[in-house]
>>> print(open('target-v7.cif').read())   # mmCIF, C-alpha atoms
data_model
loop_
_atom_site.label_atom_id
_atom_site.label_comp_id
_atom_site.auth_asym_id
_atom_site.auth_seq_id
_atom_site.Cartn_x
_atom_site.Cartn_y
_atom_site.Cartn_z
CA ILE A 1 -95.16 9.14 -228.72
CA TRP A 2 -93.92 6.36 -231.02
CA PHE A 3 -92.01 8.68 -233.36
CA TRP A 4 -88.71 7.37 -231.99
CA THR A 5 -89.27 3.83 -233.36
CA SER A 6 -88.26 4.76 -236.93
CA PHE A 7 -85.04 6.38 -235.65
CA PHE A 8 -84.25 3.39 -233.45
CA TRP A 9 -84.75 0.71 -236.08
CA ILE A 10 -82.88 2.57 -238.79
CA GLY A 11 -80.05 3.12 -236.32
CA PHE A 12 -80.22 -0.52 -235.23
CA ASN A 13 -79.80 -1.78 -238.79
CA VAL A 14 -76.96 0.68 -239.40
CA TYR A 15 -75.27 -0.64 -236.26
CA LEU A 16 -75.62 -4.23 -237.46
CA ALA A 17 -74.26 -3.22 -240.86
CA VAL A 18 -71.05 -1.71 -239.48
CA VAL A 19 -70.41 -3.68 -236.26
CA PRO A 20 -70.11 -7.49 -236.16
CA ALA A 21 -72.67 -8.98 -233.76
CA THR A 22 -73.41 -12.44 -232.38
CA PHE A 23 -76.88 -13.74 -231.48
CA HIS A 24 -78.10 -17.12 -230.26
CA PHE A 25 -81.65 -18.25 -231.10
CA ASN A 26 -83.64 -21.04 -232.73
CA ASN A 27 -84.06 -20.52 -236.47
CA VAL A 28 -87.45 -22.23 -236.66
CA GLY A 29 -88.78 -20.23 -233.73
CA MET A 30 -87.54 -16.93 -235.17
CA MET A 31 -88.92 -17.73 -238.63
CA SER A 32 -92.32 -18.60 -237.13
CA PHE A 33 -92.28 -15.41 -235.07
CA MET A 34 -91.51 -13.30 -238.17
CA LEU A 35 -94.17 -14.99 -240.31
CA ILE A 36 -96.80 -14.41 -237.62
CA CYS A 37 -95.76 -10.74 -237.28
CA THR A 38 -95.85 -10.25 -241.05
CA THR A 39 -99.24 -11.95 -241.41
CA LEU A 40 -100.79 -9.94 -238.56
CA ASN A 41 -99.25 -6.75 -239.87
CA TYR A 42 -100.72 -7.19 -243.35
CA ALA A 43 -104.04 -8.36 -241.91
CA LEU A 44 -104.29 -5.05 -240.01
CA ILE A 45 -103.40 -3.04 -243.12
CA ILE A 46 -105.88 -4.94 -245.31
CA ALA A 47 -108.67 -4.70 -242.73
CA ASN A 48 -108.05 -0.99 -242.21
CA SER A 49 -107.88 -0.32 -245.96
CA MET A 50 -111.07 -2.25 -246.64
CA ARG A 51 -112.87 -0.44 -243.83
CA PHE A 52 -112.03 2.97 -245.26
CA SER A 53 -112.65 1.80 -248.84
CA ILE A 54 -116.11 0.57 -247.87
CA MET A 55 -116.86 3.86 -246.08
CA GLU A 56 -115.77 5.80 -249.18
CA SER A 57 -117.71 3.52 -251.50
CA VAL A 58 -120.87 4.12 -249.47
CA ASP A 59 -120.38 7.89 -249.75
CA ALA A 60 -119.31 7.91 -253.40
CA ASN A 61 -121.24 4.85 -254.59
CA GLU A 62 -118.00 3.24 -255.79
CA ILE A 63 -116.66 -0.32 -255.61
CA ALA A 64 -114.28 -0.90 -252.69
CA PHE A 65 -110.90 -2.36 -253.58
CA LEU A 66 -107.47 -2.89 -252.08
CA SER A 67 -104.30 -2.10 -254.00
CA MET A 68 -100.64 -2.76 -253.29
CA ASP A 69 -100.26 0.97 -252.72
CA ASN A 70 -101.73 0.51 -249.23
CA ILE A 71 -98.87 -1.74 -248.12
CA TRP A 72 -96.21 0.24 -249.99
CA ARG A 73 -97.37 3.59 -248.62
CA ALA A 74 -97.63 2.16 -245.11
CA ASN A 75 -93.96 1.16 -245.19
CA GLN A 76 -92.96 4.54 -246.56
CA LEU A 77 -95.03 6.35 -243.96
CA PHE A 78 -93.37 4.57 -241.05
CA PHE A 79 -89.85 5.59 -242.07
CA MET A 80 -90.76 9.11 -243.27
CA VAL A 81 -92.95 10.61 -240.55
CA GLY A 82 -90.64 10.00 -237.57
CA PRO A 83 -88.68 13.28 -237.99
CA ILE A 84 -91.88 15.29 -238.54
CA GLN A 85 -93.49 13.82 -235.43
CA GLY A 86 -90.30 14.44 -233.46
CA PHE A 87 -90.19 18.02 -234.72
CA SER A 88 -93.81 18.51 -233.65
CA VAL A 89 -93.14 17.10 -230.18
CA LEU A 90 -90.04 19.27 -229.67
CA THR A 91 -91.77 22.39 -231.01
CA GLY A 92 -94.84 21.79 -228.87
CA THR A 93 -92.69 21.25 -225.76
CA LYS A 94 -90.68 24.40 -226.47
CA ASN A 95 -93.84 26.48 -226.95
CA PHE A 96 -95.42 25.09 -223.80
CA ILE A 97 -92.32 25.94 -221.75
CA SER A 98 -92.32 29.45 -223.24
CA TYR A 99 -95.95 29.87 -222.23
CA LEU A 100 -95.40 28.37 -218.79
CA LEU A 101 -92.31 30.42 -217.90
CA TYR A 102 -92.77 33.64 -219.87
CA GLY A 103 -96.48 33.74 -220.68
CA GLN A 104 -95.83 33.92 -224.43
CA ASP A 105 -98.74 33.54 -226.80
CA ILE A 106 -98.51 30.10 -228.45
CA GLY A 107 -101.78 30.29 -230.35
CA GLY A 108 -100.14 30.41 -233.80
CA TRP A 109 -97.15 29.15 -235.77
CA SER A 110 -94.38 31.70 -236.28
CA GLY A 111 -91.60 29.57 -237.76
CA GLY A 112 -92.29 30.23 -241.45
CA ASP A 113 -94.27 28.12 -243.93
CA LEU A 114 -95.02 24.94 -242.00
CA THR A 115 -95.60 22.97 -245.21
CA GLN A 116 -92.16 23.87 -246.55
CA VAL A 117 -90.56 23.04 -243.19
CA SER A 118 -92.17 19.58 -243.23
CA ILE A 119 -91.13 18.99 -246.85
CA ALA A 120 -87.54 20.00 -246.06
CA ILE A 121 -87.40 17.65 -243.07
CA VAL A 122 -88.64 14.66 -245.10
CA LYS A 123 -86.41 15.53 -248.05
CA TYR A 124 -83.19 15.66 -246.03
CA TRP A 125 -84.15 12.69 -243.84
CA THR A 126 -84.89 10.39 -246.80
CA SER A 127 -81.73 11.59 -248.56
CA MET A 128 -79.71 10.71 -245.47
CA ILE A 129 -81.19 7.20 -245.39
CA ILE A 130 -80.30 6.57 -249.05
CA VAL A 131 -76.76 7.93 -248.73
CA SER A 132 -76.22 5.98 -245.50
CA SER A 133 -77.31 2.71 -247.13
CA ILE A 134 -74.71 3.23 -249.87
CA ALA A 135 -72.08 4.16 -247.28
CA CYS A 136 -72.78 0.92 -245.35
CA TRP A 137 -72.03 -1.18 -248.44
CA VAL A 138 -68.89 0.82 -249.20
CA TYR A 139 -67.67 0.38 -245.64
CA LEU A 140 -68.48 -3.34 -245.71
CA PHE A 141 -66.27 -3.98 -248.73
CA THR A 142 -63.47 -1.54 -247.82
CA SER A 143 -63.02 -2.55 -244.19
CA ASN A 144 -61.53 -5.97 -245.08
CA PRO A 145 -63.87 -8.01 -242.84
CA THR A 146 -63.25 -11.63 -242.02
CA ASP A 147 -65.67 -14.21 -243.39
CA VAL A 148 -67.55 -14.33 -240.08
CA GLU A 149 -67.73 -10.52 -239.86
CA TYR A 150 -68.92 -10.34 -243.47
CA GLN A 151 -71.70 -12.87 -242.82
CA SER A 152 -72.67 -10.92 -239.70
CA ARG A 153 -72.77 -7.45 -241.26
CA ARG A 154 -74.18 -8.24 -244.71
CA PRO A 155 -77.79 -8.85 -243.54
CA GLY A 156 -77.85 -5.41 -241.90
CA CYS A 157 -76.72 -3.85 -245.18
CA ILE A 158 -79.35 -5.74 -247.17
CA ILE A 159 -82.22 -4.86 -244.84
CA PHE A 160 -81.12 -1.22 -244.68
CA THR A 161 -81.02 -1.17 -248.49
CA PHE A 162 -84.64 -2.32 -248.62
CA ILE A 163 -85.53 0.50 -246.22
CA ALA A 164 -83.75 2.96 -248.52
CA MET A 165 -85.68 1.58 -251.50
CA ASP A 166 -88.93 2.29 -249.64
CA VAL A 167 -88.08 6.00 -249.31
CA LEU A 168 -86.29 6.43 -252.66
CA HIS A 169 -89.44 7.25 -254.63
CA PRO A 170 -90.70 10.09 -252.34
CA CYS A 171 -87.14 11.37 -251.93
CA VAL A 172 -86.63 11.71 -255.69
CA TYR A 173 -90.06 13.30 -256.08
CA LEU A 174 -89.35 15.94 -253.41
CA ARG A 175 -85.90 16.61 -254.87
CA THR A 176 -87.14 17.06 -258.44
CA VAL A 177 -90.66 18.50 -258.05
CA GLY A 178 -91.03 21.69 -260.07
CA ASN A 179 -87.98 20.94 -262.22
CA LYS A 180 -88.57 22.15 -265.77
CA TRP A 181 -86.39 20.69 -268.52
CA THR A 182 -87.16 20.57 -272.20
CA LYS A 183 -85.62 18.67 -275.09
CA GLU A 184 -84.86 21.99 -276.76
CA GLU A 185 -82.70 23.01 -273.82
CA ALA A 186 -80.89 19.68 -273.84
CA ALA A 187 -80.17 19.96 -277.57
CA LYS A 188 -78.40 23.29 -277.10
CA MET A 189 -76.05 21.99 -274.38
CA THR A 190 -72.87 19.96 -274.63
CA MET A 191 -72.45 16.78 -272.57
CA PHE A 192 -70.10 18.58 -270.20
CA GLN A 193 -72.66 21.31 -269.64
CA LYS A 194 -75.30 18.70 -268.93
CA LEU A 195 -73.09 16.88 -266.42
CA THR A 196 -72.53 20.12 -264.53
CA CYS A 197 -76.18 21.19 -264.63
CA THR A 198 -78.35 20.36 -261.61
CA ARG A 199 -81.56 20.55 -263.61
CA TRP A 200 -80.27 17.96 -266.10
CA TRP A 201 -79.49 15.50 -263.29
CA LYS A 202 -82.92 16.09 -261.80
CA SER A 203 -84.54 15.35 -265.16
CA VAL A 204 -82.51 12.12 -265.39
CA LEU A 205 -83.72 11.06 -261.95
CA GLN A 206 -87.30 11.84 -262.92
CA VAL A 207 -87.04 9.68 -266.04
CA MET A 208 -85.30 6.81 -264.23
CA ILE A 209 -87.31 6.70 -260.98
CA LEU A 210 -90.60 8.52 -261.45
CA ASN A 211 -91.98 6.33 -264.20
CA GLU A 212 -94.69 3.69 -264.17
CA GLY A 213 -92.36 0.71 -264.57
CA THR A 214 -90.00 1.62 -261.71
CA THR A 215 -92.93 2.62 -259.52
CA ASN A 216 -94.55 -0.77 -260.02
CA VAL A 217 -91.30 -2.50 -259.06
CA PHE A 218 -91.03 -0.50 -255.83
CA ARG A 219 -94.72 -1.10 -255.12
CA TYR A 220 -94.15 -4.85 -254.92
CA VAL A 221 -90.70 -4.79 -253.29
CA ALA A 222 -91.93 -3.95 -249.78
CA PRO A 223 -94.46 -6.80 -249.49
CA ALA A 224 -92.04 -9.20 -251.19
CA TYR A 225 -89.07 -8.59 -248.89
CA ASN A 226 -91.24 -8.73 -245.77
CA PHE A 227 -92.31 -12.26 -246.70
CA MET A 228 -88.83 -13.14 -247.94
CA LEU A 229 -87.02 -12.21 -244.71
CA PRO A 230 -88.36 -15.13 -242.62
CA LEU A 231 -87.12 -17.57 -245.26
CA LEU A 232 -83.69 -15.93 -245.31
CA VAL A 233 -83.28 -16.83 -241.64
CA PHE A 234 -82.69 -20.44 -242.73
CA TYR A 235 -80.01 -19.28 -245.16
CA ASN A 236 -78.27 -16.97 -242.69
CA SER A 237 -79.31 -16.75 -239.04
CA TYR A 238 -77.97 -13.19 -238.79
CA TYR A 239 -81.11 -12.02 -240.60
CA GLY A 240 -83.21 -13.15 -237.66
CA VAL A 241 -82.82 -10.44 -235.03
CA SER A 242 -82.61 -7.45 -237.35
CA ALA A 243 -85.41 -8.57 -239.66
CA GLY A 244 -87.69 -9.82 -236.89
CA PHE A 245 -87.46 -6.69 -234.78
CA THR A 246 -87.77 -4.46 -237.84
CA LEU A 247 -91.05 -6.19 -238.76
CA VAL A 248 -92.32 -5.62 -235.22
CA ALA A 249 -91.32 -1.96 -235.33
CA VAL A 250 -92.85 -1.33 -238.75
CA GLY A 251 -96.01 -3.10 -237.65
CA ALA A 252 -96.28 -0.85 -234.61
CA GLY A 253 -95.67 2.18 -236.77
CA HIS A 254 -98.62 1.30 -238.98
#
>>> encode(input="target-v7.cif", output="structure tokens")
Amino acid sequence: IWFWTSFFWIGFNVYLAVVPATFHFNNVGMMSFMLICTTLNYALIIANSMRFSIMESVDANEIAFLSMDNIWRANQLFFMVGPIQGFSVLTGTKNFISYLLYGQDIGGWSGGDLTQVSIAIVKYWTSMIIVSSIACWVYLFTSNPTDVEYQSRRPGCIIFTFIAMDVLHPCVYLRTVGNKWTKEEAAKMTMFQKLTCTRWWKSVLQVMILNEGTTNVFRYVAPAYNFMLPLLVFYNSYYGVSAGFTLVAVGAGH
């Protein structure tokens, strides 16, 4: 029933990125609140990861360990699964009403390949988040904001950009999976042909994003910005409400 939280907090940060807002609160209190939420959030993730690692190590006789992937994947999961959970709730409600009113058999899925449906939902949802984060920055600089409006809206853009960075890796993977491109093909094409070829752009994204170096950067970005946000409250108080409530929402999602 918590699938709506990812929609709400993404929408909330978009709202703060495009609409000037004013909040009144104590910076020290908000920073303390955010640090406590972040610490408890990571404590839950670490404890849960260690519990399952220990269970697996007992079964497989392996050494239990905790990697940064646990925290990174947890952030990704929160923002990615909302549409799938919402789709499941709506589909289940529709099928139940059909059974209740018309006595239709709801024992099986008849909407096509469920795996492909889920992949399509995540692919378009993550793409929308990335495009929206870029659009927020474009609107910020093209709307001629006053200094106060700029200071108010910029934190929303920054936080939303971090959210987009969380889902960039899976989005690129889903967009480029199965793409086959060889150096021999590239050698036979002119630059204009490459620029107008979808498969060439997909191969560029694969090289730029789906490599070990970029993956390691993204792996540490999520934990870093979660601990960095409380400190940014002292620099700009507008980070407080958006960042604090986002940490609470992400923590609940985990």
>>> residues_around(input="target-v7.cif", residues="Ile121 of chain A", least_positions_apart="3", cutoff="8 Å", atoms="all atoms listed in the file", output="CSV table (one decimal) with C-alpha atoms, keeping the file's coordinate frame")
chain,number,residue,atom,x,y,z
A,83,PRO,CA,-88.7,13.3,-238.0
A,84,ILE,CA,-91.9,15.3,-238.5
A,117,VAL,CA,-90.6,23.0,-243.2
A,118,SER,CA,-92.2,19.6,-243.2
A,124,TYR,CA,-83.2,15.7,-246.0
A,125,TRP,CA,-84.2,12.7,-243.8
>>> resolve_selection(input="target-v7.cif", expression="the PyMOL selection byres ((chain A and resi 10-12) around 9)", output="ChimeraX atom specification")
/A:5-9,13-17,79,129,156,160,163,242,246
>>> resolve_selection(input="target-v7.cif", expression="the PyMOL selection byres ((chain A and resi 206) around 12)", output="ChimeraX atom specification")
/A:168-181,199-205,207-212,214-215
>>> atom_distance(input="target-v7.cif", atom1="atom CA of Val167 of chain A", atom2="atom CA of Gln76 of chain A")
5.8 Å
>>> resolve_selection(input="target-v7.cif", expression="the PyMOL selection byres ((chain A and resi 87) around 12)", output="list of chain:residue names")
A:Ile1, A:Phe3, A:Trp4, A:Val81, A:Gly82, A:Pro83, A:Ile84, A:Gln85, A:Gly86, A:Ser88, A:Val89, A:Leu90, A:Thr91, A:Gly92, A:Thr93, A:Lys94, A:Leu114, A:Val117, A:Ser118, A:Ala120, A:Ile121, A:Val122
>>> residues_around(input="target-v7.cif", residues="Gln151 of chain A", least_positions_apart="2", cutoff="12 Å", atoms="all atoms listed in the file", output="mmCIF file with C-alpha atoms, keeping the file's coordinate frame")
data_model
loop_
_atom_site.group_PDB
_atom_site.id
_atom_site.type_symbol
_atom_site.label_atom_id
_atom_site.label_comp_id
_atom_site.auth_asym_id
_atom_site.auth_seq_id
_atom_site.Cartn_x
_atom_site.Cartn_y
_atom_site.Cartn_z
ATOM 1 C CA LEU A 16 -75.620 -4.230 -237.460
ATOM 2 C CA ALA A 17 -74.260 -3.220 -240.860
ATOM 3 C CA VAL A 18 -71.050 -1.710 -239.480
ATOM 4 C CA VAL A 19 -70.410 -3.680 -236.260
ATOM 5 C CA PRO A 20 -70.110 -7.490 -236.160
ATOM 6 C CA ALA A 21 -72.670 -8.980 -233.760
ATOM 7 C CA THR A 22 -73.410 -12.440 -232.380
ATOM 8 C CA LEU A 140 -68.480 -3.340 -245.710
ATOM 9 C CA PHE A 141 -66.270 -3.980 -248.730
ATOM 10 C CA PRO A 145 -63.870 -8.010 -242.840
ATOM 11 C CA THR A 146 -63.250 -11.630 -242.020
ATOM 12 C CA ASP A 147 -65.670 -14.210 -243.390
ATOM 13 C CA VAL A 148 -67.550 -14.330 -240.080
ATOM 14 C CA GLU A 149 -67.730 -10.520 -239.860
ATOM 15 C CA ARG A 153 -72.770 -7.450 -241.260
ATOM 16 C CA ARG A 154 -74.180 -8.240 -244.710
ATOM 17 C CA PRO A 155 -77.790 -8.850 -243.540
ATOM 18 C CA GLY A 156 -77.850 -5.410 -241.900
ATOM 19 C CA CYS A 157 -76.720 -3.850 -245.180
ATOM 20 C CA ILE A 158 -79.350 -5.740 -247.170
ATOM 21 C CA TYR A 235 -80.010 -19.280 -245.160
ATOM 22 C CA ASN A 236 -78.270 -16.970 -242.690
ATOM 23 C CA SER A 237 -79.310 -16.750 -239.040
ATOM 24 C CA TYR A 238 -77.970 -13.190 -238.790
ATOM 25 C CA TYR A 239 -81.110 -12.020 -240.600
#
>>> atom_distance(input="target-v7.cif", atom1="atom CA of Val131 of chain A", atom2="atom CA of Ala164 of chain A")
8.6 Å
>>> atom_distance(input="target-v7.cif", atom1="atom CA of Ala47 of chain A", atom2="atom CA of Ile159 of chain A")
26.5 Å
>>> build_atoms(input="target-v7.cif", residues="segment 137-148 of chain A", atoms="all heavy atoms", output="PDB file, keeping the file's coordinate frame")
ATOM      1  N   TRP A 137     -72.606  -0.202-247.508  1.00  0.00           N
ATOM      2  CA  TRP A 137     -72.030  -1.180-248.440  1.00  0.00           C
ATOM      3  C   TRP A 137     -70.574  -0.856-248.746  1.00  0.00           C
ATOM      4  O   TRP A 137     -69.730  -1.760-248.818  1.00  0.00           O
ATOM      5  CB  TRP A 137     -72.842  -1.204-249.733  1.00  0.00           C
ATOM      6  CG  TRP A 137     -74.108  -1.969-249.631  1.00  0.00           C
ATOM      7  CD1 TRP A 137     -75.380  -1.460-249.579  1.00  0.00           C
ATOM      8  CD2 TRP A 137     -74.253  -3.394-249.565  1.00  0.00           C
ATOM      9  NE1 TRP A 137     -76.301  -2.475-249.483  1.00  0.00           N
ATOM     10  CE2 TRP A 137     -75.644  -3.666-249.476  1.00  0.00           C
ATOM     11  CE3 TRP A 137     -73.358  -4.445-249.575  1.00  0.00           C
ATOM     12  CZ2 TRP A 137     -76.142  -4.962-249.402  1.00  0.00           C
ATOM     13  CZ3 TRP A 137     -73.845  -5.745-249.505  1.00  0.00           C
ATOM     14  CH2 TRP A 137     -75.219  -5.985-249.411  1.00  0.00           C
ATOM     15  N   VAL A 138     -70.281   0.420-248.922  1.00  0.00           N
ATOM     16  CA  VAL A 138     -68.890   0.820-249.200  1.00  0.00           C
ATOM     17  C   VAL A 138     -67.996   0.442-248.025  1.00  0.00           C
ATOM     18  O   VAL A 138     -66.897  -0.115-248.211  1.00  0.00           O
ATOM     19  CB  VAL A 138     -68.815   2.337-249.474  1.00  0.00           C
ATOM     20  CG1 VAL A 138     -67.350   2.793-249.578  1.00  0.00           C
ATOM     21  CG2 VAL A 138     -69.570   2.693-250.747  1.00  0.00           C
ATOM     22  N   TYR A 139     -68.469   0.714-246.813  1.00  0.00           N
ATOM     23  CA  TYR A 139     -67.670   0.380-245.640  1.00  0.00           C
ATOM     24  C   TYR A 139     -67.518  -1.126-245.470  1.00  0.00           C
ATOM     25  O   TYR A 139     -66.451  -1.616-245.057  1.00  0.00           O
ATOM     26  CB  TYR A 139     -68.330   0.976-244.390  1.00  0.00           C
ATOM     27  CG  TYR A 139     -67.578   0.686-243.110  1.00  0.00           C
ATOM     28  CD1 TYR A 139     -66.338   1.255-242.873  1.00  0.00           C
ATOM     29  CD2 TYR A 139     -68.114  -0.172-242.144  1.00  0.00           C
ATOM     30  CE1 TYR A 139     -65.635   0.984-241.705  1.00  0.00           C
ATOM     31  CE2 TYR A 139     -67.424  -0.452-240.982  1.00  0.00           C
ATOM     32  CZ  TYR A 139     -66.185   0.136-240.762  1.00  0.00           C
ATOM     33  OH  TYR A 139     -65.493  -0.147-239.622  1.00  0.00           O
ATOM     34  N   LEU A 140     -68.553  -1.884-245.826  1.00  0.00           N
ATOM     35  CA  LEU A 140     -68.480  -3.340-245.710  1.00  0.00           C
ATOM     36  C   LEU A 140     -67.364  -3.907-246.577  1.00  0.00           C
ATOM     37  O   LEU A 140     -66.600  -4.777-246.140  1.00  0.00           O
ATOM     38  CB  LEU A 140     -69.827  -3.965-246.108  1.00  0.00           C
ATOM     39  CG  LEU A 140     -69.881  -5.503-246.143  1.00  0.00           C
ATOM     40  CD1 LEU A 140     -69.688  -6.082-244.744  1.00  0.00           C
ATOM     41  CD2 LEU A 140     -71.202  -5.974-246.745  1.00  0.00           C
ATOM     42  N   PHE A 141     -67.246  -3.417-247.804  1.00  0.00           N
ATOM     43  CA  PHE A 141     -66.270  -3.980-248.730  1.00  0.00           C
ATOM     44  C   PHE A 141     -64.874  -3.372-248.575  1.00  0.00           C
ATOM     45  O   PHE A 141     -63.885  -3.965-249.025  1.00  0.00           O
ATOM     46  CB  PHE A 141     -66.749  -3.780-250.175  1.00  0.00           C
ATOM     47  CG  PHE A 141     -67.932  -4.632-250.524  1.00  0.00           C
ATOM     48  CD1 PHE A 141     -69.167  -4.056-250.792  1.00  0.00           C
ATOM     49  CD2 PHE A 141     -67.819  -6.012-250.588  1.00  0.00           C
ATOM     50  CE1 PHE A 141     -70.258  -4.838-251.125  1.00  0.00           C
ATOM     51  CE2 PHE A 141     -68.911  -6.812-250.925  1.00  0.00           C
ATOM     52  CZ  PHE A 141     -70.137  -6.221-251.186  1.00  0.00           C
ATOM     53  N   THR A 142     -64.781  -2.187-247.962  1.00  0.00           N
ATOM     54  CA  THR A 142     -63.470  -1.540-247.820  1.00  0.00           C
ATOM     55  C   THR A 142     -62.827  -1.767-246.457  1.00  0.00           C
ATOM     56  O   THR A 142     -61.672  -1.391-246.270  1.00  0.00           O
ATOM     57  CB  THR A 142     -63.597  -0.020-248.058  1.00  0.00           C
ATOM     58  OG1 THR A 142     -64.545   0.544-247.131  1.00  0.00           O
ATOM     59  CG2 THR A 142     -64.043   0.266-249.487  1.00  0.00           C
ATOM     60  N   SER A 143     -63.557  -2.359-245.534  1.00  0.00           N
ATOM     61  CA  SER A 143     -63.020  -2.550-244.190  1.00  0.00           C
ATOM     62  C   SER A 143     -62.319  -3.902-244.008  1.00  0.00           C
ATOM     63  O   SER A 143     -61.917  -4.245-242.903  1.00  0.00           O
ATOM     64  CB  SER A 143     -64.134  -2.420-243.146  1.00  0.00           C
ATOM     65  OG  SER A 143     -65.161  -3.378-243.372  1.00  0.00           O
ATOM     66  N   ASN A 144     -62.200  -4.669-245.112  1.00  0.00           N
ATOM     67  CA  ASN A 144     -61.530  -5.970-245.080  1.00  0.00           C
ATOM     68  C   ASN A 144     -62.042  -6.871-243.950  1.00  0.00           C
ATOM     69  O   ASN A 144     -61.267  -7.319-243.090  1.00  0.00           O
ATOM     70  CB  ASN A 144     -60.011  -5.783-244.936  1.00  0.00           C
ATOM     71  CG  ASN A 144     -59.407  -5.050-246.120  1.00  0.00           C
ATOM     72  OD1 ASN A 144     -59.785  -5.276-247.260  1.00  0.00           O
ATOM     73  ND2 ASN A 144     -58.468  -4.141-245.831  1.00  0.00           N
ATOM     74  N   PRO A 145     -63.334  -7.168-243.925  1.00  0.00           N
ATOM     75  CA  PRO A 145     -63.870  -8.010-242.840  1.00  0.00           C
ATOM     76  C   PRO A 145     -63.478  -9.472-243.033  1.00  0.00           C
ATOM     77  O   PRO A 145     -63.229  -9.926-244.154  1.00  0.00           O
ATOM     78  CB  PRO A 145     -65.385  -7.834-242.982  1.00  0.00           C
ATOM     79  CG  PRO A 145     -65.582  -7.579-244.443  1.00  0.00           C
ATOM     80  CD  PRO A 145     -64.378  -6.783-244.887  1.00  0.00           C
ATOM     81  N   THR A 146     -63.427 -10.189-241.940  1.00  0.00           N
ATOM     82  CA  THR A 146     -63.250 -11.630-242.020  1.00  0.00           C
ATOM     83  C   THR A 146     -64.539 -12.248-242.555  1.00  0.00           C
ATOM     84  O   THR A 146     -65.568 -11.570-242.671  1.00  0.00           O
ATOM     85  CB  THR A 146     -62.916 -12.219-240.647  1.00  0.00           C
ATOM     86  OG1 THR A 146     -64.038 -12.007-239.767  1.00  0.00           O
ATOM     87  CG2 THR A 146     -61.678 -11.554-240.054  1.00  0.00           C
ATOM     88  N   ASP A 147     -64.494 -13.546-242.859  1.00  0.00           N
ATOM     89  CA  ASP A 147     -65.670 -14.210-243.390  1.00  0.00           C
ATOM     90  C   ASP A 147     -66.829 -14.167-242.395  1.00  0.00           C
ATOM     91  O   ASP A 147     -67.980 -13.933-242.770  1.00  0.00           O
ATOM     92  CB  ASP A 147     -65.344 -15.658-243.750  1.00  0.00           C
ATOM     93  CG  ASP A 147     -66.520 -16.365-244.409  1.00  0.00           C
ATOM     94  OD1 ASP A 147     -66.924 -15.929-245.502  1.00  0.00           O
ATOM     95  OD2 ASP A 147     -67.035 -17.335-243.821  1.00  0.00           O
ATOM     96  N   VAL A 148     -66.505 -14.365-241.110  1.00  0.00           N
ATOM     97  CA  VAL A 148     -67.550 -14.330-240.080  1.00  0.00           C
ATOM     98  C   VAL A 148     -68.119 -12.927-239.942  1.00  0.00           C
ATOM     99  O   VAL A 148     -69.343 -12.739-239.833  1.00  0.00           O
ATOM    100  CB  VAL A 148     -66.980 -14.815-238.727  1.00  0.00           C
ATOM    101  CG1 VAL A 148     -68.019 -14.639-237.615  1.00  0.00           C
ATOM    102  CG2 VAL A 148     -66.552 -16.272-238.815  1.00  0.00           C
TER     103      VAL A 148
END
